[in-house]
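Visitor: Provided herewith: upload.pdb, PDB, C-alpha atoms, pLDDT in the B column.
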ATOM      1  CA  MET A   1     -20.168   1.090   3.755  1.00 62.00           C
ATOM      2  CA  LYS A   2     -18.470  -2.293   3.592  1.00 68.00           C
ATOM      3  CA  ARG A   3     -14.822  -2.546   4.569  1.00 71.00           C
ATOM      4  CA  TYR A   4     -12.738  -4.531   2.156  1.00 74.00           C
ATOM      5  CA  PHE A   5      -9.405  -6.022   3.110  1.00 76.00           C
ATOM      6  CA  LYS A   6      -6.856  -8.157   1.367  1.00 85.00           C
ATOM      7  CA  SER A   7      -7.828 -11.778   1.707  1.00 86.00           C
ATOM      8  CA  ASN A   8      -6.420 -15.149   0.728  1.00 91.00           C
ATOM      9  CA  ILE A   9      -8.094 -18.354  -0.304  1.00 90.00           C
ATOM     10  CA  HIS A  10      -7.519 -21.484   1.753  1.00 90.00           C
ATOM     11  CA  SER A  11      -9.418 -24.671   1.100  1.00 93.00           C
ATOM     12  CA  LEU A  12     -10.214 -27.427   3.573  1.00 90.00           C
ATOM     13  CA  ARG A  13     -10.968 -31.053   2.945  1.00 96.00           C
ATOM     14  CA  VAL A  14     -14.158 -32.145   4.711  1.00 96.00           C
ATOM     15  CA  ASP A  15     -16.328 -35.215   4.704  1.00 97.00           C
ATOM     16  CA  LYS A  16     -19.674 -35.358   2.917  1.00 97.00           C
ATOM     17  CA  GLU A  17     -21.722 -34.574   6.036  1.00 98.00           C
ATOM     18  CA  LEU A  18     -19.717 -31.427   6.836  1.00 96.00           C
ATOM     19  CA  LYS A  19     -19.940 -30.319   3.214  1.00 96.00           C
ATOM     20  CA  MET A  20     -23.709 -30.706   3.301  1.00 97.00           C
ATOM     21  CA  PHE A  21     -23.853 -28.679   6.515  1.00 97.00           C
ATOM     22  CA  LEU A  22     -21.662 -25.902   5.128  1.00 96.00           C
ATOM     23  CA  ASP A  23     -23.700 -25.830   1.930  1.00 96.00           C
ATOM     24  CA  SER A  24     -26.848 -25.356   4.013  1.00 98.00           C
ATOM     25  CA  LEU A  25     -25.512 -22.145   5.584  1.00 97.00           C
ATOM     26  CA  THR A  26     -26.134 -18.746   4.054  1.00 96.00           C
ATOM     27  CA  ASN A  27     -22.534 -17.696   4.612  1.00 95.00           C
ATOM     28  CA  ALA A  28     -20.331 -20.683   5.380  1.00 95.00           C
ATOM     29  CA  ASN A  29     -17.145 -18.635   4.991  1.00 93.00           C
ATOM     30  CA  ARG A  30     -18.133 -16.162   7.704  1.00 94.00           C
ATOM     31  CA  PHE A  31     -19.312 -19.048   9.924  1.00 96.00           C
ATOM     32  CA  VAL A  32     -15.972 -20.898   9.713  1.00 95.00           C
ATOM     33  CA  ILE A  33     -13.920 -17.711  10.197  1.00 94.00           C
ATOM     34  CA  GLN A  34     -15.903 -16.811  13.315  1.00 96.00           C
ATOM     35  CA  ILE A  35     -15.447 -20.300  14.781  1.00 96.00           C
ATOM     36  CA  LEU A  36     -11.683 -20.095  14.200  1.00 96.00           C
ATOM     37  CA  LYS A  37     -11.391 -16.610  15.699  1.00 97.00           C
ATOM     38  CA  ASP A  38     -13.276 -17.741  18.807  1.00 98.00           C
ATOM     39  CA  THR A  39     -10.730 -20.465  19.625  1.00 98.00           C
ATOM     40  CA  GLN A  40      -8.177 -20.017  22.381  1.00 98.00           C
ATOM     41  CA  GLU A  41      -5.409 -20.982  19.964  1.00 98.00           C
ATOM     42  CA  TYR A  42      -6.265 -18.116  17.624  1.00 97.00           C
ATOM     43  CA  LYS A  43      -6.508 -15.625  20.494  1.00 96.00           C
ATOM     44  CA  ILE A  44      -3.018 -16.612  21.685  1.00 96.00           C
ATOM     45  CA  PHE A  45      -1.678 -16.356  18.131  1.00 95.00           C
ATOM     46  CA  LYS A  46      -3.266 -12.941  17.647  1.00 94.00           C
ATOM     47  CA  ARG A  47      -1.894 -11.649  20.956  1.00 92.00           C
ATOM     48  CA  LYS A  48       1.625 -12.762  19.996  1.00 91.00           C
ATOM     49  CA  LEU A  49       1.267 -11.174  16.575  1.00 90.00           C
ATOM     50  CA  ASP A  50       0.050  -7.898  18.092  1.00 88.00           C
ATOM     51  CA  ASN A  51       2.948  -7.890  20.563  1.00 86.00           C
ATOM     52  CA  LEU A  52       5.410  -8.463  17.737  1.00 84.00           C
ATOM     53  CA  ASN A  53       3.895  -5.572  15.767  1.00 78.00           C
ATOM     54  CA  ASP A  54       4.115  -3.343  18.850  1.00 74.00           C
ATOM     55  CA  LYS A  55       7.827  -4.129  19.218  1.00 72.00           C
ATOM     56  CA  ASN A  56       8.415  -3.091  15.601  1.00 67.00           C
ATOM     57  CA  GLN A  57       6.856   0.343  16.136  1.00 68.00           C
ATOM     58  CA  PRO A  58       9.311   3.155  16.843  1.00 67.00           C
ATOM     59  CA  SER A  59       9.078   4.664  20.293  1.00 64.00           C
ATOM     60  CA  LEU A  60       7.816   8.236  20.561  1.00 63.00           C
ATOM     61  CA  PHE A  61       9.600   8.796  23.864  1.00 62.00           C
TER      62      PHE A  61
END
Do you think you could lay out the structure here as structure tokens?
Guide:
Amino acid sequence: MKRYFKSNIHSLRVDKELKMFLDSLTNANRFVIQILKDTQEYKIFKRKLDNLNDKNQPSLF
């Protein structure tokens, strides 16, 4: 069963060569998302976001 989540559309401006490359992929969207998530910048961002969410959770103790 596929998991669906709320998503947003964001477009990027690329040159002709990159457009041709992305068009040649079976799933360019998944490819670009995976590249972004693998960057150190995204991992730092995600860690900060997770920490912020943890701080907003009420303590059970």
Visitor: Give me, please, the distance in Å between atom CA of Phe45 of chain A and atom CA of Ser11 of chain A, quoted to one decimal.
Guide: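 According to the coordinates, atom CA of Phe45 of chain A and atom CA of Ser11 of chain A are separated by 20.5 Å.
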Visitor: For each of A:Tyr4, A:Asp50, A:Val32, A:Glu41, take the minimum atom-to-atom distance to Leu18 of chain A, counting all atoms listed in the file, then give the residue where this is smallest.
Guide: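 Of the candidates, the smallest distance to Leu18 of chain A is held by A:Val32.
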Visitor: From the list A:Thr39, A:Gln34, A:Asn51, A:Asn29, which residue is nearest His10 of chain A when using only C-alpha atoms?
Guide: A:Asn29
Visitor: Report, in Å to a single decimal, how far apart atom CA of Leu49 of chain A and atom CA of Arg30 of chain A are.
Guide: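 If I compute the distance from atom CA of Arg30 of chain A to atom CA of Leu49 of chain A, I get 21.9 Å.
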Visitor: To one decimal in Å, tell me the separation between atom CA of Ser24 of chain A and atom CA of Tyr42 of chain A.
Guide: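 Atom CA of Tyr42 of chain A lies 25.7 Å from atom CA of Ser24 of chain A.
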Visitor: Return the padded bounding box of segment 24-28 of chain A as JSON: axis-aligned, built from all atoms listed in the file, 8 Å added on each side, with centre and edge lengths in Å to one decimal.
Guide:
{"center_x": -23.6, "center_y": -21.5, "center_z": 4.8, "size_x": 22.5, "size_y": 23.7, "size_z": 17.6}
